[in-house]
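Reading through the structure tokens given below for one structure.
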Amino acid sequence: MADQTPLLGLPLILPSQAQKHVTHNEALSLLDAIVQLAVLGRLLSTPPASPQTGDRYIVAPGGAAGWSGQDAAVALWTGSGWLFATPQPGWVARDLSDGAVLVFDGTAWGVAPVQTDNLPGVGINTTHDATNRLSVHAAATLLSHEGAGHQLKINKALSSDTASLLFQTSWSGRAEMGTTGSDGFAIKVSADGAAWTTALSFAGATGIASGAAVQQSRTDVTAGRLMRADYGYGPGNLLGTVAQNTGVPTGAVLERGTGTNGDYIRFADGTQICFAQRTLGSIIAVGSGSFTAPYKTADFTWTYPKAFSAAPVLSARGVAPTGLTQDRRSCSACVGDLDATAAAGIHVVRLGNATNADVFKIDLIAVGRWV
């Protein structure tokens with residue numbers, strides 16, 4: 001017959017044993033040491049100087065003095081000496097010095113692992129609820145990397161569901177960003193938590209922006225709105241083919257061109273300027289040099305490089321060859337009939353009777369509208 005129990009090592013009373021109370025009391029003392037096991041510490045390897053009856057410790061590695069050879073044992077001060085209980089794998093104890101829950105693995109005591117999977121909720125310095133399964137009451141929350149990058153992932157079941165970050169004031173929403181009701185990313189704002197405005201929204205397929213913070217039309221000049229590339233002007237569309245619809249530009253701001261008939265500039269507001277310099281030939285091609293029949297060049301018709309919507313205002317200036325004397329270079333430019341496409345009867349008149357066949361030129365500028 002065994003003289004102790006197989007698990008706790010409690011001494012058994014043997015048949016015909018004398019002083020049975022001694023064995024019985026020893027078993028009770030061992031039970032008193034290990035039942036509801038809570039120790040005062042686990043870091044001492046030698047007994048404390050003044051233990052109190054009932055004090056329990058887990059002997060640290062390297063047990064010495066009265067604890068020699070009792071590493072990892074549970075030591076109970078009985079009032080007259082130390083009683084030791086050898087732990088078995090799976091024993092659990094609480095260290096009252098720091099509140100740690102300890103488990104013996106057959107070799108040493110260690111802090112019991114905390115089970116964190118499938119928890120119904122976690123409240124850090126607060127309580128969680130059925131909606132807010134994770135609640136944190138703190139001045140800040142830190143999420144850091146583990147050697148490289150770090151992602152915060154918010155997943156939703158369907159495109160029509162919401163995955164977002166909501167910013168509140170006194171538990172009332174003021175701003176929200178995420179994929180709300182679609183897979184497009186949006187930033188919404190509210191002044192009262194009830195009425196919401198989509199300030200910016202980015203289409204998931206194209207990344208194109210829209211929303212109240214973006215220019216709504218070509219004529220929208222609301223302060224604080226972001227200009228749309230197709231409504232505003234920059235290096236990519238400032239110069240090009242101008243166009244407009246009822247006075248609102250729909251093309252470039254400036255259009256510049258050159259052709260056989262001269263140069264032109266068109267503006268988005270409808271203004272057009274055409275200009276050219278032409279050689280007219282001999283200044284005495286026509287006339288006799290008299291007051292009634294002065295010398296002049298042959299008539300010339302200028303077809304504008306771009307047609308106007310109506311007859312423009314035309315300015316002309318005669319240009320004499322360089323080096324002429326005053327009586328040979330004095331001249332006046334004249335223009336005959338004008339319409340939307342051409343100016344006829346253009347010539348230069350010599351203001352004198354010099355008979356030199358000097359070749360004159362003429363500068364022409366026409367200002368009007370193309371629309």
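Note on naming: chains are A, B, ... as they come in the structure tokens, residues start from 1 per chain, ligands start from 1 in the order shown.
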
Identify, on the basis of only C-alpha atoms, every residue whose closest approach to A:Gly251 does not exceed 12 Å; exclude the query and any residue fewer than 6 positions from it along the same chain; express the result as a PDB file with C-alpha atoms, in the first residue's frame.
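Okay, this is what ended up in part.pdb:
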```pdb
ATOM      1  CA  ARG A 218     -17.112  76.698 -66.464  1.00  0.00           C
ATOM      2  CA  ASP A 230     -11.328  70.996 -68.192  1.00  0.00           C
ATOM      3  CA  TYR A 231     -12.805  74.258 -66.849  1.00  0.00           C
ATOM      4  CA  GLY A 232      -9.596  76.147 -66.102  1.00  0.00           C
ATOM      5  CA  TYR A 233      -6.533  77.097 -68.129  1.00  0.00           C
ATOM      6  CA  GLY A 236      -1.873  72.372 -71.661  1.00  0.00           C
ATOM      7  CA  ASN A 237      -4.873  74.338 -72.957  1.00  0.00           C
ATOM      8  CA  LEU A 238      -4.078  78.081 -72.789  1.00  0.00           C
ATOM      9  CA  LEU A 239      -3.012  78.093 -76.441  1.00  0.00           C
ATOM     10  CA  GLY A 240      -4.943  76.207 -79.084  1.00  0.00           C
ATOM     11  CA  THR A 241      -8.188  76.418 -81.020  1.00  0.00           C
ATOM     12  CA  VAL A 242     -10.543  78.911 -79.390  1.00  0.00           C
ATOM     13  CA  ALA A 243     -14.252  78.221 -79.121  1.00  0.00           C
ATOM     14  CA  GLN A 244     -17.166  79.508 -77.106  1.00  0.00           C
ATOM     15  CA  ASN A 245     -20.816  78.872 -76.446  1.00  0.00           C
ATOM     16  CA  ARG A 266      -8.052  85.033 -81.827  1.00  0.00           C
ATOM     17  CA  PHE A 267      -9.175  85.502 -78.220  1.00  0.00           C
ATOM     18  CA  ALA A 268     -11.716  83.400 -76.368  1.00  0.00           C
ATOM     19  CA  ASP A 269     -13.903  86.471 -75.782  1.00  0.00           C
ATOM     20  CA  GLY A 270     -14.512  86.748 -79.536  1.00  0.00           C
TER      21      GLY A 270
END
```

DSSP strand (DSSP E) residues within stretch 239-370 of chain A, as an MDAnalysis selection string: chainID A and resid 244:245 248:249 254:259 262:267 271:282 300:303 313:319 331:334 342:350 359:369

7 Å contact set for A:Tyr304, only C-alpha atoms, chain neighbours under 6 positions out, as JSON, numbers by chain: {"A": [261, 274, 341, 342]}

Contacts of stretch 182-195 of chain A within 10 Å, only C-alpha atoms, excl. fewer than 3 positions in-chain, as a ChimeraX atom specification: /A:158-169,171-179,198-212

Restricting the output to N, CA, C and O atoms, write the selected residues as a compact mmCIF listing (two decimals), in the first residue's frame.
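Ended up saving to part-v3.txt:
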```txt
# COMPACT_ATOMS: atom_id res chain seq x y z
N LEU A 158 -19.89 44.29 -48.63
CA LEU A 158 -20.41 44.60 -49.96
C LEU A 158 -20.05 46.03 -50.36
O LEU A 158 -19.76 46.88 -49.50
N SER A 159 -20.09 46.29 -51.67
CA SER A 159 -19.81 47.64 -52.17
C SER A 159 -20.77 48.66 -51.58
O SER A 159 -20.38 49.81 -51.31
N SER A 160 -22.00 48.26 -51.34
CA SER A 160 -23.01 49.18 -50.82
C SER A 160 -22.88 49.43 -49.32
O SER A 160 -23.57 50.28 -48.78
N ASP A 161 -21.99 48.71 -48.64
CA ASP A 161 -21.77 48.92 -47.21
C ASP A 161 -20.79 50.09 -47.00
O ASP A 161 -20.36 50.73 -47.95
N THR A 162 -20.45 50.34 -45.76
CA THR A 162 -19.59 51.46 -45.41
C THR A 162 -18.31 50.97 -44.75
O THR A 162 -18.35 50.14 -43.84
N ALA A 163 -17.18 51.50 -45.20
CA ALA A 163 -15.88 51.31 -44.55
C ALA A 163 -15.26 52.70 -44.45
O ALA A 163 -14.82 53.26 -45.45
N SER A 164 -15.23 53.26 -43.24
CA SER A 164 -14.83 54.66 -43.14
C SER A 164 -14.26 54.98 -41.77
O SER A 164 -14.35 54.20 -40.83
N LEU A 165 -13.69 56.19 -41.69
CA LEU A 165 -13.27 56.79 -40.43
C LEU A 165 -14.23 57.95 -40.15
O LEU A 165 -14.42 58.81 -41.00
N LEU A 166 -14.82 57.93 -38.97
CA LEU A 166 -15.80 58.96 -38.60
C LEU A 166 -15.22 59.83 -37.50
O LEU A 166 -14.76 59.34 -36.47
N PHE A 167 -15.22 61.14 -37.72
CA PHE A 167 -14.71 62.10 -36.75
C PHE A 167 -15.92 62.80 -36.10
O PHE A 167 -16.81 63.29 -36.80
N GLN A 168 -15.91 62.83 -34.75
CA GLN A 168 -17.07 63.33 -34.02
C GLN A 168 -16.68 64.45 -33.06
O GLN A 168 -15.53 64.55 -32.62
N THR A 169 -17.68 65.25 -32.72
CA THR A 169 -17.58 66.22 -31.64
C THR A 169 -18.74 65.96 -30.69
O THR A 169 -19.90 66.04 -31.10
N TRP A 171 -19.79 63.16 -29.67
CA TRP A 171 -20.49 62.00 -30.22
C TRP A 171 -21.39 62.33 -31.40
O TRP A 171 -22.23 61.54 -31.79
N SER A 172 -21.23 63.52 -31.98
CA SER A 172 -21.98 63.89 -33.18
C SER A 172 -21.01 64.02 -34.35
O SER A 172 -19.98 64.69 -34.24
N GLY A 173 -21.34 63.37 -35.47
CA GLY A 173 -20.44 63.33 -36.61
C GLY A 173 -20.16 64.69 -37.21
O GLY A 173 -21.06 65.53 -37.34
N ARG A 174 -18.92 64.93 -37.57
CA ARG A 174 -18.53 66.18 -38.21
C ARG A 174 -17.78 65.94 -39.53
O ARG A 174 -17.82 66.77 -40.42
N ALA A 175 -17.10 64.83 -39.66
CA ALA A 175 -16.39 64.51 -40.90
C ALA A 175 -16.26 63.00 -41.02
O ALA A 175 -16.16 62.30 -40.01
N GLU A 176 -16.31 62.51 -42.26
CA GLU A 176 -16.19 61.08 -42.51
C GLU A 176 -15.43 60.88 -43.82
O GLU A 176 -15.65 61.59 -44.79
N MET A 177 -14.52 59.92 -43.81
CA MET A 177 -13.76 59.62 -45.01
C MET A 177 -13.67 58.12 -45.18
O MET A 177 -13.47 57.38 -44.23
N GLY A 178 -13.87 57.66 -46.42
CA GLY A 178 -13.81 56.24 -46.70
C GLY A 178 -14.68 55.89 -47.88
O GLY A 178 -15.07 56.74 -48.69
N THR A 179 -15.03 54.61 -47.99
CA THR A 179 -15.92 54.15 -49.06
C THR A 179 -17.29 53.95 -48.45
O THR A 179 -17.57 52.93 -47.82
N THR A 198 -20.89 65.98 -49.41
CA THR A 198 -19.73 65.30 -49.96
C THR A 198 -18.79 66.36 -50.53
O THR A 198 -19.05 66.94 -51.59
N ALA A 199 -17.70 66.62 -49.80
CA ALA A 199 -16.76 67.64 -50.23
C ALA A 199 -15.91 67.16 -51.40
O ALA A 199 -15.71 67.87 -52.39
N LEU A 200 -15.41 65.94 -51.31
CA LEU A 200 -14.59 65.35 -52.37
C LEU A 200 -14.94 63.89 -52.52
O LEU A 200 -15.12 63.17 -51.53
N SER A 201 -15.02 63.44 -53.76
CA SER A 201 -15.28 62.04 -54.05
C SER A 201 -14.42 61.63 -55.23
O SER A 201 -14.28 62.39 -56.20
N PHE A 202 -13.79 60.46 -55.13
CA PHE A 202 -12.91 59.97 -56.18
C PHE A 202 -13.47 58.66 -56.73
O PHE A 202 -13.65 57.69 -55.98
N ALA A 203 -13.77 58.63 -58.02
CA ALA A 203 -14.33 57.44 -58.65
C ALA A 203 -13.32 56.31 -58.59
O ALA A 203 -12.13 56.49 -58.92
N GLY A 204 -13.78 55.12 -58.16
CA GLY A 204 -12.88 53.99 -58.02
C GLY A 204 -12.25 53.56 -59.33
O GLY A 204 -11.11 53.12 -59.37
N ALA A 205 -12.98 53.66 -60.43
CA ALA A 205 -12.49 53.19 -61.72
C ALA A 205 -11.53 54.16 -62.39
O ALA A 205 -10.60 53.74 -63.08
N THR A 206 -11.73 55.47 -62.18
CA THR A 206 -10.94 56.46 -62.91
C THR A 206 -10.11 57.37 -62.03
O THR A 206 -9.15 57.98 -62.49
N GLY A 207 -10.49 57.51 -60.76
CA GLY A 207 -9.81 58.45 -59.88
C GLY A 207 -10.23 59.89 -60.10
O GLY A 207 -9.67 60.80 -59.48
N ILE A 208 -11.21 60.13 -60.97
CA ILE A 208 -11.66 61.49 -61.24
C ILE A 208 -12.37 62.05 -60.01
O ILE A 208 -13.17 61.37 -59.38
N ALA A 209 -12.07 63.31 -59.70
CA ALA A 209 -12.62 63.95 -58.50
C ALA A 209 -13.91 64.69 -58.81
O ALA A 209 -14.10 65.23 -59.90
N SER A 210 -14.81 64.71 -57.84
CA SER A 210 -16.04 65.49 -57.91
C SER A 210 -16.40 65.90 -56.49
O SER A 210 -15.70 65.54 -55.54
N GLY A 211 -17.49 66.63 -56.32
CA GLY A 211 -17.93 67.04 -54.99
C GLY A 211 -18.04 68.54 -54.85
O GLY A 211 -17.70 69.31 -55.76
N ALA A 212 -18.52 68.97 -53.69
CA ALA A 212 -18.79 70.38 -53.45
C ALA A 212 -17.53 71.23 -53.45
O ALA A 212 -17.59 72.44 -53.67
```

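Using only C-alpha atoms, the residues found no farther than 6 Å from A:Asp55, other than those of its own chain fewer than 2 positions away, are Gln52, Thr53, Leu76 and Trp77 of chain A.
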
Could you write those residues out with N, CA and C atoms, as a CSV table (one decimal), in the first residue's frame?
```
chain,number,residue,atom,x,y,z
A,52,GLN,N,5.6,35.3,8.3
A,52,GLN,CA,4.5,35.1,9.1
A,52,GLN,C,3.8,33.8,8.8
A,53,THR,N,3.2,33.2,9.8
A,53,THR,CA,2.5,31.9,9.6
A,53,THR,C,1.5,32.0,8.5
A,76,LEU,N,5.7,26.9,2.4
A,76,LEU,CA,4.7,27.4,3.3
A,76,LEU,C,5.4,27.5,4.7
A,77,TRP,N,5.3,28.7,5.3
A,77,TRP,CA,5.8,28.9,6.7
A,77,TRP,C,4.7,28.5,7.6
```

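Secondary structure of stretch 182-355 of chain A, alpha helix (DSSP H) only (DSSP, backbone atoms): Gln326, Asp327, Arg328 and Arg329 of chain A.
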
Could you write those residues out with C-alpha atoms, as a PDB file, in the first residue's frame?
```pdb
ATOM      1  CA  GLN A 326      11.669 113.518 -97.360  1.00  0.00           C
ATOM      2  CA  ASP A 327       9.954 114.374-100.669  1.00  0.00           C
ATOM      3  CA  ARG A 328      10.222 110.744-101.837  1.00  0.00           C
ATOM      4  CA  ARG A 329       9.157 108.966 -98.645  1.00  0.00           C
TER       5      ARG A 329
END
```

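Relative to atom CA of A:Thr141, atom CA of A:Thr126 is found at 13.8 Å.
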
From A:Gly149, A:Gly63, A:Gly121, A:Gly352, residue lying nearest A:Ser288 [only C-alpha atoms]: A:Gly352

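When atom CA of A:Ala357 is paired with atom CA of A:Gly287, their separation reads 12.1 Å.
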
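Here atom CA of A:Ala343 is placed at a distance of 17.9 Å from atom CA of A:Gly281.
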
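With only C-alpha atoms as the atoms that count, the minimum distance from A:Tyr57 to the choices A:Ser80, A:Ser97, A:Ser282, A:Gln215 is reached by A:Ser97.
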
Neighbour list for A:Phe308 as a ChimeraX atom specification, cut-off 10 Å, only C-alpha atoms, skip fewer than 5 positions in-chain: /A:270-274,339-342,366-371

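Here the question is which of A:Ala276, A:Leu40, A:Thr78, A:Leu119 gets nearest to A:Arg133 using only C-alpha atoms, and that residue is A:Leu119.
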
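Summary of the local environment: counting only C-alpha atoms, residues at most 7 Å from A:Lys361, other than itself and those fewer than 3 positions away along its chain, are Gln277, Arg278, Thr279, Leu280, Gly318, Val319 and Ala320 of chain A.
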
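Minimum atom-to-atom distance to A:Thr297, evaluated using only C-alpha atoms, belongs to A:Ser332 out of A:Ser45, A:Thr219, A:Ser332, A:Thr325.
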